[in-house]
file model09.tsv (TSV, C-alpha atoms)
chain	number	residue	atom	x	y	z
A	1	MET	CA	87.00	131.72	211.88
A	2	ARG	CA	88.96	130.26	214.75
A	3	ALA	CA	92.11	132.18	215.71
A	4	GLN	CA	94.25	129.05	215.44
A	5	MET	CA	93.64	128.85	211.67
A	6	TRP	CA	94.90	132.31	210.76
A	7	PRO	CA	98.64	131.49	211.15
A	8	LEU	CA	98.16	128.43	208.91
A	9	TYR	CA	96.57	130.59	206.22
A	10	ALA	CA	99.45	133.04	206.66
A	11	ALA	CA	101.91	130.17	206.19
A	12	GLY	CA	100.19	129.29	202.91
A	13	PHE	CA	100.47	132.92	201.82
A	14	THR	CA	104.16	132.95	202.78
A	15	THR	CA	105.16	129.96	200.67
A	16	ALA	CA	103.21	131.30	197.67
A	17	PHE	CA	104.56	134.82	198.01
A	18	GLY	CA	108.09	133.51	198.54
A	19	ALA	CA	107.90	131.36	195.42
A	20	HIS	CA	106.40	133.87	192.99
A	21	GLY	CA	107.55	137.15	194.52
A	22	ILE	CA	111.20	136.31	193.91
A	23	ALA	CA	110.80	134.14	190.80
A	24	ALA	CA	108.97	136.89	188.92
A	25	ASN	CA	111.75	139.41	189.62
A	26	LEU	CA	114.94	137.37	189.39
A	27	GLY	CA	115.42	138.39	185.77
A	28	SER	CA	116.03	142.01	186.79
A	29	GLU	CA	118.72	141.12	189.34
A	30	ASP	CA	122.31	142.01	188.36
A	31	ALA	CA	123.59	138.70	189.77
A	32	VAL	CA	121.52	136.84	187.16
A	33	THR	CA	123.88	137.07	184.22
A	34	SER	CA	122.30	134.59	181.79
A	35	LEU	CA	119.17	132.58	181.08
A	36	LEU	CA	121.03	129.51	182.34
A	37	VAL	CA	121.65	131.15	185.71
A	38	LEU	CA	118.02	132.30	185.83
A	39	GLY	CA	116.80	128.78	185.06
A	40	GLY	CA	119.03	127.31	187.73
A	41	LEU	CA	117.81	129.73	190.40
A	42	LEU	CA	114.19	129.04	189.48
A	43	ALA	CA	114.79	125.28	189.55
A	44	LEU	CA	116.48	125.35	192.98
A	45	TYR	CA	113.32	126.27	194.86
A	46	ASP	CA	111.03	123.84	193.05
A	47	GLY	CA	113.67	121.10	192.98
A	48	ALA	CA	114.07	121.24	196.75
A	49	GLU	CA	110.30	121.00	197.16
A	50	VAL	CA	110.02	117.99	194.85
A	51	LEU	CA	112.70	116.10	196.75
A	52	LEU	CA	111.86	117.06	200.33
A	53	LYS	CA	108.10	117.54	200.71
A	54	PRO	CA	107.31	113.80	201.08
A	55	LEU	CA	110.13	113.45	203.62
A	56	PHE	CA	108.98	116.38	205.75
A	57	GLY	CA	105.39	115.19	205.49
A	58	THR	CA	106.41	111.83	206.94
A	59	LEU	CA	108.41	113.61	209.66
A	60	ALA	CA	105.31	115.64	210.57
A	61	ASP	CA	103.42	112.41	211.17
A	62	ARG	CA	106.24	111.10	213.34
A	63	ILE	CA	106.97	114.07	215.62
A	64	GLY	CA	103.87	116.23	215.06
A	65	ALA	CA	103.03	118.75	212.36
A	66	ARG	CA	103.40	121.81	214.59
A	67	PRO	CA	107.17	121.45	215.27
A	68	VAL	CA	107.84	120.88	211.55
A	69	LEU	CA	105.70	123.92	210.69
A	70	LEU	CA	107.58	126.14	213.14
A	71	GLY	CA	110.98	124.77	212.15
A	72	GLY	CA	110.24	125.32	208.47
A	73	LEU	CA	109.12	128.93	209.00
A	74	ILE	CA	112.18	129.71	211.12
A	75	ALA	CA	114.44	128.11	208.51
A	76	PHE	CA	112.71	130.14	205.77
A	77	ALA	CA	113.38	133.34	207.71
A	78	ALA	CA	117.02	132.32	208.23
A	79	ALA	CA	117.53	131.48	204.55
A	80	SER	CA	116.00	134.80	203.51
A	81	ALA	CA	118.20	136.66	206.00
A	82	LEU	CA	121.27	135.01	204.50
A	83	TYR	CA	121.02	137.00	201.28
A	84	THR	CA	119.83	140.11	203.13
A	85	ALA	CA	123.09	140.09	205.13
A	86	ALA	CA	125.41	139.34	202.22
A	87	ASP	CA	124.50	140.56	198.75
A	88	SER	CA	126.41	138.15	196.51
A	89	THR	CA	125.64	135.58	193.84
A	90	ALA	CA	126.78	132.67	196.00
A	91	TYR	CA	124.50	133.71	198.86
A	92	LEU	CA	121.61	134.18	196.44
A	93	TRP	CA	121.96	130.53	195.37
A	94	MET	CA	122.22	129.32	198.98
A	95	ALA	CA	119.28	131.47	200.10
A	96	ARG	CA	117.03	130.24	197.30
A	97	LEU	CA	117.90	126.61	198.02
A	98	GLY	CA	117.30	127.16	201.72
A	99	GLN	CA	113.93	128.79	201.06
A	100	GLY	CA	112.82	125.85	198.93
A	101	ALA	CA	113.91	123.33	201.56
A	102	ALA	CA	112.18	125.29	204.33
A	103	ALA	CA	108.95	125.62	202.34
A	104	SER	CA	109.09	121.84	201.86
A	105	ALA	CA	108.77	121.54	205.63
A	106	PHE	CA	106.08	124.06	206.54
A	107	SER	CA	103.82	123.71	203.49
A	108	PRO	CA	102.70	120.04	203.94
A	109	SER	CA	102.71	120.52	207.72
A	110	ALA	CA	100.29	123.43	207.37
A	111	SER	CA	98.02	121.31	205.14
A	112	ALA	CA	98.08	118.46	207.66
A	113	LEU	CA	97.20	120.83	210.49
A	114	VAL	CA	94.35	122.33	208.47
A	115	ALA	CA	92.89	118.82	208.20
A	116	ARG	CA	93.60	117.82	211.82
A	117	LEU	CA	92.09	120.98	213.30
A	118	ASN	CA	88.94	120.80	211.15
A	119	PRO	CA	87.91	117.13	211.16
A	120	THR	CA	84.30	117.84	210.17
A	121	ALA	CA	84.81	120.83	207.85
A	122	HIS	CA	87.57	119.94	205.41
A	123	GLY	CA	85.92	121.78	202.54
A	124	ARG	CA	85.61	125.12	204.31
A	125	ALA	CA	89.11	124.86	205.82
A	126	PHE	CA	90.90	123.96	202.59
A	127	GLY	CA	88.82	126.48	200.67
A	128	SER	CA	90.03	129.27	202.94
A	129	TYR	CA	93.61	127.94	202.95
A	130	GLY	CA	93.60	127.85	199.15
A	131	PHE	CA	92.17	131.37	199.02
A	132	TYR	CA	95.04	132.89	201.00
A	133	LYS	CA	97.62	130.84	199.15
A	134	SER	CA	96.18	132.09	195.84
A	135	ILE	CA	96.40	135.65	197.15
A	136	GLY	CA	100.10	135.02	197.71
A	137	TYR	CA	100.51	133.79	194.15
A	138	THR	CA	98.55	136.79	192.85
A	139	LEU	CA	100.27	139.51	194.86
A	140	GLY	CA	103.74	137.94	194.79
A	141	PRO	CA	104.89	139.35	191.43
A	142	LEU	CA	103.23	142.72	192.06
A	143	LEU	CA	104.50	143.29	195.61
A	144	GLY	CA	107.85	141.74	194.73
A	145	GLY	CA	108.22	144.17	191.84
A	146	ALA	CA	107.33	147.11	194.08
A	147	LEU	CA	109.91	146.04	196.67
A	148	MET	CA	112.52	145.55	193.95
A	149	TRP	CA	111.82	149.07	192.70
A	150	ALA	CA	112.05	150.52	196.21
A	151	GLY	CA	115.16	148.75	197.46
A	152	GLY	CA	116.30	145.92	195.23
A	153	MET	CA	116.49	142.20	195.88
A	154	ARG	CA	117.83	142.65	199.41
A	155	LEU	CA	114.69	144.53	200.46
A	156	LEU	CA	112.55	141.74	199.00
A	157	PHE	CA	114.51	139.11	200.95
A	158	LEU	CA	114.35	141.27	204.09
A	159	THR	CA	110.57	141.46	203.75
A	160	LEU	CA	110.39	137.67	203.47
A	161	THR	CA	112.63	137.33	206.52
A	162	ILE	CA	110.30	139.48	208.61
A	163	LEU	CA	107.16	137.83	207.18
A	164	ALA	CA	108.33	134.29	207.95
A	165	ALA	CA	109.56	135.26	211.43
A	166	VAL	CA	106.25	136.96	212.30
A	167	VAL	CA	104.21	133.99	211.01
A	168	ALA	CA	106.43	131.58	212.99
A	169	LEU	CA	105.87	133.58	216.21
A	170	TRP	CA	102.14	133.83	215.47
A	171	ALA	CA	101.90	130.09	214.89
A	172	ALA	CA	103.85	129.36	218.07
A	173	LEU	CA	101.35	131.40	220.07
A	174	ALA	CA	98.08	130.47	218.33
A	175	VAL	CA	98.38	126.99	216.82
A	176	PRO	CA	97.70	124.32	219.46
A	177	ARG	CA	99.92	121.33	219.99
A	178	VAL	CA	98.54	118.42	217.98
A	179	PRO	CA	100.36	115.30	219.15
A	180	PRO	CA	101.22	112.61	216.62
A	181	LEU	CA	98.84	109.67	216.65
A	182	PRO	CA	99.95	106.09	217.23
A	183	LYS	CA	100.55	104.28	213.95
A	184	THR	CA	100.64	100.68	212.90
A	185	ARG	CA	103.89	99.63	211.30
A	186	GLN	CA	104.01	100.50	207.62
A	187	THR	CA	106.21	98.70	205.13
A	188	VAL	CA	107.37	100.11	201.81
A	189	LEU	CA	104.83	97.85	200.13
A	190	ASP	CA	102.05	99.26	202.33
A	191	LEU	CA	103.07	102.81	201.41
A	192	ALA	CA	103.22	102.00	197.71
A	193	ARG	CA	99.81	100.31	197.86
A	194	ARG	CA	98.26	103.35	199.56
A	195	LEU	CA	99.81	105.85	197.16
A	196	LEU	CA	98.72	103.79	194.16
A	197	ASP	CA	95.16	103.53	195.41
A	198	ARG	CA	92.61	105.49	193.38
A	199	SER	CA	91.55	107.41	196.46
A	200	PHE	CA	95.03	109.00	196.35
A	201	LEU	CA	95.77	108.96	192.62
A	202	GLY	CA	92.46	110.53	191.60
A	203	PRO	CA	92.63	113.72	193.67
A	204	THR	CA	96.42	114.02	193.29
A	205	SER	CA	96.33	113.72	189.50
A	206	ALA	CA	93.57	116.34	189.44
A	207	LEU	CA	95.64	118.66	191.67
A	208	ALA	CA	98.67	118.17	189.41
A	209	ALA	CA	96.55	118.92	186.34
A	210	ALA	CA	95.13	122.07	187.94
A	211	THR	CA	98.60	123.30	188.91
A	212	ALA	CA	99.89	122.60	185.40
A	213	ALA	CA	97.07	124.61	183.86
A	214	LEU	CA	97.55	127.45	186.33
A	215	SER	CA	101.28	127.66	185.56
A	216	VAL	CA	100.63	127.56	181.83
A	217	GLY	CA	97.98	130.25	182.13
A	218	VAL	CA	100.23	132.56	184.12
A	219	GLY	CA	103.22	131.94	181.87
A	220	PHE	CA	101.75	131.72	178.37
A	221	LEU	CA	98.55	133.77	178.31
A	222	PRO	CA	100.64	136.98	178.32
A	223	VAL	CA	102.37	135.65	175.18
A	224	SER	CA	99.00	135.14	173.51
A	225	GLY	CA	97.90	138.58	174.70
A	226	ALA	CA	101.00	140.23	173.27
A	227	ALA	CA	100.40	138.49	169.93
A	228	ALA	CA	96.85	139.90	170.01
A	229	GLY	CA	98.17	143.41	170.48
A	230	MET	CA	97.49	143.66	174.22
A	231	GLY	CA	99.89	145.79	176.20
A	232	THR	CA	101.78	144.77	179.33
A	233	LEU	CA	99.14	146.27	181.62
A	234	ALA	CA	96.32	144.45	179.82
A	235	THR	CA	98.06	141.09	179.86
A	236	GLY	CA	98.85	141.57	183.55
A	237	ALA	CA	95.17	142.25	184.15
A	238	ALA	CA	94.27	139.02	182.34
A	239	VAL	CA	96.58	137.02	184.60
A	240	SER	CA	95.03	138.79	187.59
A	241	VAL	CA	91.59	137.66	186.37
A	242	LEU	CA	92.85	134.07	186.37
A	243	ALA	CA	94.36	134.26	189.85
A	244	GLY	CA	91.44	136.25	191.22
A	245	CYS	CA	88.86	133.73	189.98
A	246	ALA	CA	90.87	130.86	191.46
A	247	ALA	CA	91.07	132.65	194.83
A	248	LEU	CA	87.41	133.72	195.05
A	249	VAL	CA	85.93	130.37	194.04
A	250	GLN	CA	87.74	128.23	196.62
A	251	PRO	CA	85.98	129.30	199.86
A	252	LYS	CA	82.54	128.98	198.24
A	253	VAL	CA	83.36	125.53	196.90
A	254	GLY	CA	84.60	124.41	200.33
A	255	ARG	CA	81.40	125.56	202.02
A	256	ALA	CA	79.29	123.81	199.36
A	257	LEU	CA	81.18	120.56	199.99
A	258	ASP	CA	80.66	120.71	203.75
A	259	ALA	CA	76.97	121.54	203.30
A	260	GLY	CA	76.46	118.52	201.04
A	261	ARG	CA	75.48	120.63	198.02
A	262	LEU	CA	78.51	119.35	196.10
A	263	THR	CA	80.48	116.10	196.11
A	264	ALA	CA	84.24	116.07	195.68
A	265	ARG	CA	84.06	113.73	192.69
A	266	ARG	CA	81.48	115.80	190.80
A	267	GLY	CA	83.23	119.08	191.62
A	268	ILE	CA	86.64	117.81	190.50
A	269	LEU	CA	85.23	116.47	187.24
A	270	THR	CA	83.52	119.83	186.63
A	271	GLY	CA	86.74	121.67	187.43
A	272	LEU	CA	88.73	119.53	185.01
A	273	ALA	CA	86.16	120.16	182.28
A	274	LEU	CA	86.19	123.93	182.87
A	275	THR	CA	89.99	124.05	182.96
A	276	ALA	CA	90.29	122.06	179.74
A	277	THR	CA	87.71	124.36	178.14
A	278	GLY	CA	89.73	127.35	179.28
A	279	LEU	CA	92.89	125.99	177.66
A	280	ALA	CA	90.90	125.36	174.49
A	281	ALA	CA	89.61	128.96	174.64
A	282	ALA	CA	93.23	130.14	174.71
A	283	THR	CA	93.52	128.97	171.11
A	284	ILE	CA	90.92	131.57	170.04
A	285	PRO	CA	92.78	134.55	168.54
A	286	GLY	CA	92.48	137.95	170.15
A	287	VAL	CA	91.45	139.46	173.44
A	288	PRO	CA	88.22	137.40	173.87
A	289	GLY	CA	90.17	134.15	173.82
A	290	VAL	CA	92.70	135.38	176.41
A	291	LEU	CA	90.05	136.68	178.80
A	292	ALA	CA	87.81	133.62	178.44
A	293	ALA	CA	90.79	131.35	179.03
A	294	ALA	CA	91.84	133.29	182.14
A	295	ALA	CA	88.37	133.15	183.69
A	296	LEU	CA	87.70	129.49	182.90
A	297	ILE	CA	91.13	128.27	184.02
A	298	GLY	CA	90.78	130.30	187.22
A	299	VAL	CA	87.34	128.94	188.06
A	300	GLY	CA	88.30	125.38	187.10
A	301	THR	CA	91.45	125.29	189.22
A	302	GLY	CA	89.56	127.01	192.04
A	303	LEU	CA	87.10	124.13	192.01
A	304	ILE	CA	89.72	121.39	191.93
A	305	THR	CA	92.15	122.60	194.60
A	306	PRO	CA	90.07	122.59	197.82
A	307	LEU	CA	88.08	119.54	196.73
A	308	GLY	CA	91.23	117.59	195.92
A	309	PHE	CA	92.79	118.26	199.31
A	310	ALA	CA	89.52	117.62	201.13
A	311	ALA	CA	89.14	114.29	199.31
A	312	LEU	CA	92.68	113.29	200.27
A	313	ALA	CA	92.09	114.22	203.91
A	314	ALA	CA	88.84	112.23	204.00
A	315	ALA	CA	90.47	109.13	202.51
A	316	THR	CA	93.65	109.19	204.62
A	317	PRO	CA	94.17	107.69	208.08
A	318	THR	CA	94.58	110.67	210.40
A	319	GLU	CA	97.98	109.47	211.60
A	320	ARG	CA	99.28	109.52	207.98
A	321	LEU	CA	98.02	112.99	206.95
A	322	GLY	CA	101.46	114.57	206.78
A	323	GLN	CA	102.81	111.83	204.53
A	324	THR	CA	99.80	112.06	202.22
A	325	MET	CA	99.89	115.84	201.99
A	326	GLY	CA	103.62	115.78	201.27
A	327	ALA	CA	103.14	113.23	198.49
A	328	ALA	CA	100.22	115.22	197.07
A	329	GLU	CA	102.30	118.40	197.11
A	330	LEU	CA	104.95	116.49	195.17
A	331	GLY	CA	102.31	115.74	192.53
A	332	ARG	CA	101.44	119.42	192.34
A	333	GLU	CA	105.09	120.39	191.91
A	334	LEU	CA	105.44	117.92	189.05
A	335	GLY	CA	102.38	119.47	187.41
A	336	ASP	CA	103.80	122.94	188.01
A	337	ALA	CA	106.94	121.99	186.08
A	338	GLY	CA	105.44	119.55	183.58
A	339	GLY	CA	102.63	121.75	182.25
A	340	PRO	CA	104.82	124.59	180.99
A	341	LEU	CA	107.40	122.11	179.64
A	342	LEU	CA	104.72	120.28	177.65
A	343	VAL	CA	103.23	123.45	176.19
A	344	ALA	CA	106.65	124.92	175.41
A	345	GLY	CA	107.82	121.70	173.77
A	346	VAL	CA	104.75	121.38	171.55
A	347	ALA	CA	104.85	125.10	170.75
A	348	THR	CA	108.47	124.80	169.69
A	349	LEU	CA	107.60	122.03	167.24
A	350	ALA	CA	104.37	123.64	166.03
A	351	THR	CA	102.70	126.74	167.53
A	352	LEU	CA	101.46	127.89	170.92
A	353	THR	CA	97.92	127.04	169.81
A	354	TYR	CA	98.91	123.38	169.54
A	355	GLY	CA	100.62	123.62	172.94
A	356	PHE	CA	97.41	124.79	174.61
A	357	THR	CA	95.47	122.10	172.75
A	358	ALA	CA	97.84	119.35	173.91
A	359	LEU	CA	97.44	120.26	177.56
A	360	ALA	CA	93.67	120.66	177.17
A	361	LEU	CA	93.44	117.13	175.80
A	362	LEU	CA	95.62	115.80	178.59
A	363	LEU	CA	93.41	117.42	181.21
A	364	ALA	CA	90.28	116.08	179.54
A	365	ILE	CA	91.55	112.51	179.22
A	366	ALA	CA	94.26	111.47	181.68
A	367	PRO	CA	92.91	112.63	185.07
A	368	LEU	CA	89.36	111.97	183.89
A	369	PHE	CA	90.27	108.34	183.25
A	370	VAL	CA	91.47	107.91	186.82
A	371	LEU	CA	88.48	109.70	188.33
A	372	VAL	CA	85.75	108.04	186.27
A	373	GLY	CA	87.29	104.63	186.88
A	374	SER	CA	87.18	105.09	190.64
A	375	ARG	CA	84.24	104.29	192.80
A	376	THR	CA	82.26	107.17	194.16
A	377	ALA	CA	83.07	105.92	197.62
A	378	SER	CA	86.78	106.48	197.09
A	379	PHE	CA	86.27	110.21	197.58
A	380	SER	CA	84.11	109.85	200.65
A	381	ARG	CA	85.90	107.03	202.39
A	382	LYS	CA	85.89	107.37	206.13
A	383	ARG	CA	89.18	107.80	207.88
A	384	GLN	CA	90.70	104.52	208.85
A	385	HIS	CA	92.26	103.55	212.18
A	386	LYS	CA	90.32	106.10	214.21
call {"tool": "encode", "arguments": {"input": "model09.tsv", "output": "structure tokens"}}
result
Amino acid sequence: MRAQMWPLYAAGFTTAFGAHGIAANLGSEDAVTSLLVLGGLLALYDGAEVLLKPLFGTLADRIGARPVLLGGLIAFAAASALYTAADSTAYLWMARLGQGAAASAFSPSASALVARLNPTAHGRAFGSYGFYKSIGYTLGPLLGGALMWAGGMRLLFLTLTILAAVVALWAALAVPRVPPLPKTRQTVLDLARRLLDRSFLGPTSALAAATAALSVGVGFLPVSGAAAGMGTLATGAAVSVLAGCAALVQPKVGRALDAGRLTARRGILTGLALTATGLAAATIPGVPGVLAAAALIGVGTGLITPLGFAALAAATPTERLGQTMGAAELGRELGDAGGPLLVAGVATLATLTYGFTALALLLAIAPLFVLVGSRTASFSRKRQHK
């Protein structure tokens, strides 16, 4: 693995760890006095990402992805240091908002650099990037809880401050300068036409579906496990199975794509089918249903994620990679929020079984419609404007 890629993988780990490490432990913080406050703090991070990722992606295309990556990591360290220096509710809100805004800058920039620095090996590169990001999602709640136990929320924010600062310095030293490419003038109509093209909608809808299923699995499988009599440790292990499968599958899938043993279209369709099957398995009562759901959702989302990003990179003009990755990340954020909302809403009206079923049907029908309706060439389109 080339040394220049390691800081980008570390940046992926940082945004994942920052999102889940704090989110999973906010409920135990004294400053969080109600469910409304908890919901607001959780929404701040994701809300900032939804609004700002496309903007920072476009900025990365204009001035170069490396400066936006470095600026975002430095801003993330500064936002984390804000609460470390002043332990108060107001600073907690400002720090969480600042972290979300900073992650909106360095996350799509890191994805764009992964594609730019690996023009002939998108599968392997995004597979490895997804692996380390999944490790961040997996270890975030666990390490965050340990840090909370050892020193409270300020120690957790201090750790994130140091982590982001170290990754920023590492990236400054190891990631080469990748100058922005000359671009033809793009109108709003041109942008809309490109984002509505199936070569963008297909992979992005699949990525959103995978993220929705992953969020639902992490959030609701423990509820099913508790109803089946599983203890906290057992349900935590089930979630770890999900995240572990998603992490381990991604590098292998990326290598298979680059070697020509797998096409993006076929792999994404297979991933959607496995993920939908996993959500259907979650409706089976007892431990077998929980474990089967965790494994299938993990493998399915592990298939979709690197293939979706590789397909987007292959179908996007190189000079527009930042914009495309930012827009695709927006789709993932919407899936991250929409999946749990859908399942919770249906479960409130009926039962959790119906909630899982509703999302399973959505994954089997909606993204599949977009993907099957597209031409095979849409996933293997050569980069334009070379």
call {"tool": "closest_residue", "arguments": {"input": "model09.tsv", "among": "A:Ala293, A:Ala209, A:Leu160, A:Leu214", "to": "Ala238 (chain A)", "atoms": "all atoms listed in the file"}}
result
A:Ala293
call {"tool": "atom_distance", "arguments": {"input": "model09.tsv", "atom1": "CA of Phe131 (chain A)", "atom2": "CA of Val249 (chain A)"}}
result
8.0 Å
call {"tool": "atom_distance", "arguments": {"input": "model09.tsv", "atom1": "CA of Ala105 (chain A)", "atom2": "CA of Gly254 (chain A)"}}
result
24.9 Å
call {"tool": "closest_residue", "arguments": {"input": "model09.tsv", "among": "A:Thr15, A:Phe309, A:Ala228, A:Leu156", "to": "Ile268 (chain A)", "atoms": "all atoms listed in the file"}}
result
A:Phe309
call {"tool": "closest_residue", "arguments": {"input": "model09.tsv", "among": "A:Ala81, A:Pro203, A:Gly236, A:Ala212", "to": "Ile304 (chain A)", "atoms": "only C-alpha atoms"}}
result
A:Pro203
call {"tool": "closest_residue", "arguments": {"input": "model09.tsv", "among": "A:Met230, A:Leu363, A:Leu303, A:Ala350", "to": "Ala276 (chain A)", "atoms": "only C-alpha atoms"}}
result
A:Leu363
call {"tool": "atom_distance", "arguments": {"input": "model09.tsv", "atom1": "CA of Tyr91 (chain A)", "atom2": "CA of Val50 (chain A)"}}
result
21.7 Å
call {"tool": "closest_residue", "arguments": {"input": "model09.tsv", "among": "A:Ser240, A:Leu97, A:Phe220, A:Thr316", "to": "Thr351 (chain A)", "atoms": "only C-alpha atoms"}}
result
A:Phe220
call {"tool": "closest_residue", "arguments": {"input": "model09.tsv", "among": "A:Gly64, A:Gly219, A:Gly271, A:Pro7", "to": "Ala337 (chain A)", "atoms": "all atoms listed in the file"}}
result
A:Gly219
call {"tool": "residues_around", "arguments": {"input": "model09.tsv", "residues": "Ala75 (chain A)", "least_positions_apart": "5", "cutoff": "12 Å", "atoms": "only C-alpha atoms", "output": "PyMOL selection string"}}
result
chain A and resi 67-70+80-82+95-106+160-161+164-165+168
